[in-house]
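Please read the structure below before turning to the comments.
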Amino acid sequence: MKTLTLVAVVAVAAVSALLMIAASKPDTFAVQRSATIAASAEKIHPLINDLRSFNTWNPYERKDPNMRRSYRGNARGPGAGYDFAGNKEVGTGSIEITDSRMPHRVEMKLDMYEPFEAHNIVEFTLVPRGETATEVTWALRGPANFISKLMGVFFDMDQMIGRDFEAGLANLKALAERP
């Protein structure tokens with residue numbers, strides 16, 4: 001009986017500590033990666049600002065070739081939208097361009113419904129670097145609810161999402177640097 005009680009006390013203490021760690025995490029999160037691309041911002045911007053072009057290099061598109069997809073609204077720029085339903089790596093959600101400033105910025109609203117509900121902002125910034133290159137930054141930010149804070153105790157979300165952003169920026173670089 002003493003052993004069982006001791007195990008129960010240790011388990012309660014461990015769970016309490018875990019919950020306290022999760023509760024102490026920030027209420028927002030941000031992930032970003034950058035890459036320098038040997039192309040002008042004027043050449044790169046349309047590859048982001050048009051969701052059909054965006055999806056030619058978007059790494060999430062490559063995770064599920066059987067994903068259901070539909071475009072809506074404008075062809076490009078603010079109001080252009082895209083709905084998707086894919087496998088467990090992709091999930092179900094929608095993305096919509098909310099702001100676009102040629103050739104320096106594209107902002108999108110990302111709404112995820114599965115595997116977890118989330119409402120985040122995606123931002124691409126393009127900064128000229130010399131006469132022939134552009135630094136492209138892909139950023140994601142949003143609120144961190146308690147479940148995402150708890151998941152953050154076990155998973156490094158920056159590393160997981162960051163890897164995808166790095167792959168996407170490499171795909172964008174390869175596409176934009178083609179003659």
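In the structure tokens, chains take the letters A, B, ... in the order shown, each chain's residues start at 1, and ligands count up from 1 in the order shown.
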I want to know what sits within 7 Å of A:Glu107, based on only C-alpha atoms, with residues of the same chain fewer than 2 positions away left out; could you give that as number ranges by chain? A: 97-100, 105, 122-124
Can you write just those residues out, N, CA and C atoms, as a PDB file, in the first residue's frame?
```
ATOM      1  N   ILE A  97      -4.659  35.373 -48.684  1.00  0.00           N
ATOM      2  CA  ILE A  97      -3.775  36.544 -48.705  1.00  0.00           C
ATOM      3  C   ILE A  97      -4.575  37.735 -48.189  1.00  0.00           C
ATOM      4  N   THR A  98      -4.046  38.401 -47.174  1.00  0.00           N
ATOM      5  CA  THR A  98      -4.742  39.537 -46.564  1.00  0.00           C
ATOM      6  C   THR A  98      -4.083  40.875 -46.891  1.00  0.00           C
ATOM      7  N   ASP A  99      -2.796  40.835 -47.273  1.00  0.00           N
ATOM      8  CA  ASP A  99      -2.081  42.071 -47.586  1.00  0.00           C
ATOM      9  C   ASP A  99      -0.942  41.733 -48.528  1.00  0.00           C
ATOM     10  N   SER A 100      -0.685  42.617 -49.466  1.00  0.00           N
ATOM     11  CA  SER A 100       0.411  42.412 -50.408  1.00  0.00           C
ATOM     12  C   SER A 100       0.937  43.767 -50.826  1.00  0.00           C
ATOM     13  N   ARG A 105       6.377  42.512 -49.557  1.00  0.00           N
ATOM     14  CA  ARG A 105       5.671  41.824 -48.480  1.00  0.00           C
ATOM     15  C   ARG A 105       4.413  41.124 -48.976  1.00  0.00           C
ATOM     16  N   VAL A 122       0.775  34.365 -41.433  1.00  0.00           N
ATOM     17  CA  VAL A 122       1.975  34.016 -42.188  1.00  0.00           C
ATOM     18  C   VAL A 122       2.443  35.292 -42.872  1.00  0.00           C
ATOM     19  N   GLU A 123       3.735  35.565 -42.773  1.00  0.00           N
ATOM     20  CA  GLU A 123       4.253  36.774 -43.397  1.00  0.00           C
ATOM     21  C   GLU A 123       5.539  36.468 -44.157  1.00  0.00           C
ATOM     22  N   PHE A 124       5.579  36.938 -45.394  1.00  0.00           N
ATOM     23  CA  PHE A 124       6.784  36.870 -46.204  1.00  0.00           C
ATOM     24  C   PHE A 124       7.295  38.289 -46.388  1.00  0.00           C
TER      25      PHE A 124
END
```
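Of the listed residues (A:Met160, A:Ala41, A:Ala75, A:Ala167), A:Ala41 comes nearest to A:Val136; the distances count only C-alpha atoms.
Residue neighbourhood of stretch 156-158 of chain A, excluding near-sequence residues (fewer than 5 positions): Phe29, Ala30, Val31, Gln32, Met151 and Arg163 of chain A, at 9 Å, using only C-alpha atoms.
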Taking 5 positions as the minimum chain separation for residues in the same chain, which residues sit within 10 Å of A:Ser53 when counting only C-alpha atoms? Answer as a list in words. Pro46, Leu47, Ile48, Asn58, Arg76 and Leu172 of chain A
Selection above as a file: N, CA and C atoms, as an mmCIF file, in the first residue's frame:
```cif
data_model
loop_
_atom_site.group_PDB
_atom_site.id
_atom_site.type_symbol
_atom_site.label_atom_id
_atom_site.label_comp_id
_atom_site.auth_asym_id
_atom_site.auth_seq_id
_atom_site.Cartn_x
_atom_site.Cartn_y
_atom_site.Cartn_z
ATOM 1 N N PRO A 46 5.780 37.610 -57.135
ATOM 2 C CA PRO A 46 4.650 36.904 -57.764
ATOM 3 C C PRO A 46 4.605 35.408 -57.448
ATOM 4 N N LEU A 47 5.729 34.814 -57.098
ATOM 5 C CA LEU A 47 5.773 33.395 -56.752
ATOM 6 C C LEU A 47 5.150 33.129 -55.379
ATOM 7 N N ILE A 48 4.969 34.185 -54.601
ATOM 8 C CA ILE A 48 4.339 34.094 -53.276
ATOM 9 C C ILE A 48 2.907 34.640 -53.341
ATOM 10 N N ASN A 58 5.613 25.289 -52.261
ATOM 11 C CA ASN A 58 5.168 25.112 -50.883
ATOM 12 C C ASN A 58 5.456 23.665 -50.424
ATOM 13 N N ARG A 76 -4.803 36.361 -57.366
ATOM 14 C CA ARG A 76 -3.581 36.722 -56.627
ATOM 15 C C ARG A 76 -3.874 37.933 -55.754
ATOM 16 N N LEU A 172 11.741 27.570 -53.260
ATOM 17 C CA LEU A 172 11.528 28.899 -53.844
ATOM 18 C C LEU A 172 12.809 29.400 -54.498
#
```
I'd like the contact shell of A:Asp27 - 8 Å cut-off, only C-alpha atoms, skipping same-chain residues fewer than 6 positions apart - returned as number ranges by chain. A: 143-145
Atoms kept (N, CA and C atoms) for selection, written as a compact mmCIF listing (two decimals), in the first residue's frame:
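Output (again_15.txt):
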```txt
# COMPACT_ATOMS: atom_id res chain seq x y z
N PRO A 143 -1.38 32.97 -31.54
CA PRO A 143 -1.59 32.70 -30.11
C PRO A 143 -1.20 31.26 -29.78
N ALA A 144 -0.76 31.07 -28.57
CA ALA A 144 -0.42 29.72 -28.08
C ALA A 144 -1.40 29.38 -26.96
N ASN A 145 -2.38 28.53 -27.27
CA ASN A 145 -3.32 28.12 -26.22
C ASN A 145 -2.64 27.08 -25.32
```
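For the pair atom CA of A:Asn74 and atom CA of A:Met112, the interatomic distance is 20.8 Å.
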Can you tell me which residues surround A:Phe84 at a distance of at most 6 Å, considering only C-alpha atoms, apart from same-chain residues fewer than 3 positions away, and format the answer as a CSV table (one decimal) with N, CA and C atoms, in the first residue's frame?
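Listed below is the output, result09.csv:
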```csv
chain,number,residue,atom,x,y,z
A,68,ARG,N,-6.9,17.2,-51.2
A,68,ARG,CA,-8.0,17.9,-51.8
A,68,ARG,C,-7.8,19.4,-51.7
A,69,ARG,N,-7.9,20.1,-52.9
A,69,ARG,CA,-7.6,21.5,-52.9
A,69,ARG,C,-8.6,22.3,-53.7
A,92,THR,N,-6.2,19.9,-42.3
A,92,THR,CA,-7.3,20.6,-43.0
A,92,THR,C,-7.3,22.0,-42.6
A,93,GLY,N,-7.5,22.9,-43.6
A,93,GLY,CA,-7.5,24.3,-43.3
A,93,GLY,C,-7.7,25.2,-44.5
```
Take atom CA of A:Gly79 and atom CA of A:Met108 and report the distance between them in Å, one decimal. 9.6 Å
Write out as a VMD selection string the set of residues from stretch 30-130 of chain A that DSSP, computed on the backbone, places in alpha helix (DSSP H). chain A and resid 41 to 49 51 to 57
Please indicate the distance in Å from atom CA of A:Ile121 to atom CA of A:Gly81, rounded to one decimal place. 13.9 Å
Which of these residues is nearest to A:Ala133, using only C-alpha atoms: A:Ala176, A:Val106, A:Met1, A:Leu51? A:Ala176
When you look at A:Asp64 with a cut-off of 12 Å (counting only C-alpha atoms), what residues show up, excluding the ones that are within fewer than 6 positions of it in the same chain? I need them as a CSV table (one decimal) with C-alpha atoms, in the first residue's frame.
```csv
chain,number,residue,atom,x,y,z
A,58,ASN,CA,5.2,25.1,-50.9
A,84,PHE,CA,-7.1,22.1,-48.4
A,85,ALA,CA,-7.8,18.8,-46.8
A,86,GLY,CA,-4.8,16.4,-46.6
A,87,ASN,CA,-3.2,13.6,-44.6
A,88,LYS,CA,-2.1,13.9,-41.0
A,89,GLU,CA,1.1,15.7,-42.0
A,90,VAL,CA,-0.9,18.5,-43.8
A,91,GLY,CA,-4.2,18.6,-42.0
A,92,THR,CA,-7.3,20.6,-43.0
```
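Minimum atom-to-atom distance to A:Asp111, evaluated using only C-alpha atoms, belongs to A:Tyr82 out of A:Ala35, A:Thr125, A:Tyr82, A:Thr134.
Minimum distance to A:Gly73 across A:Glu135, A:Glu177, A:Asp50, A:Glu61 (counting only C-alpha atoms) occurs at A:Asp50.
Proximity to A:Leu169 was assessed for A:Thr56, A:Ser70, A:Thr28, A:Thr5 counting only C-alpha atoms; the smallest distance is recorded for A:Thr56.
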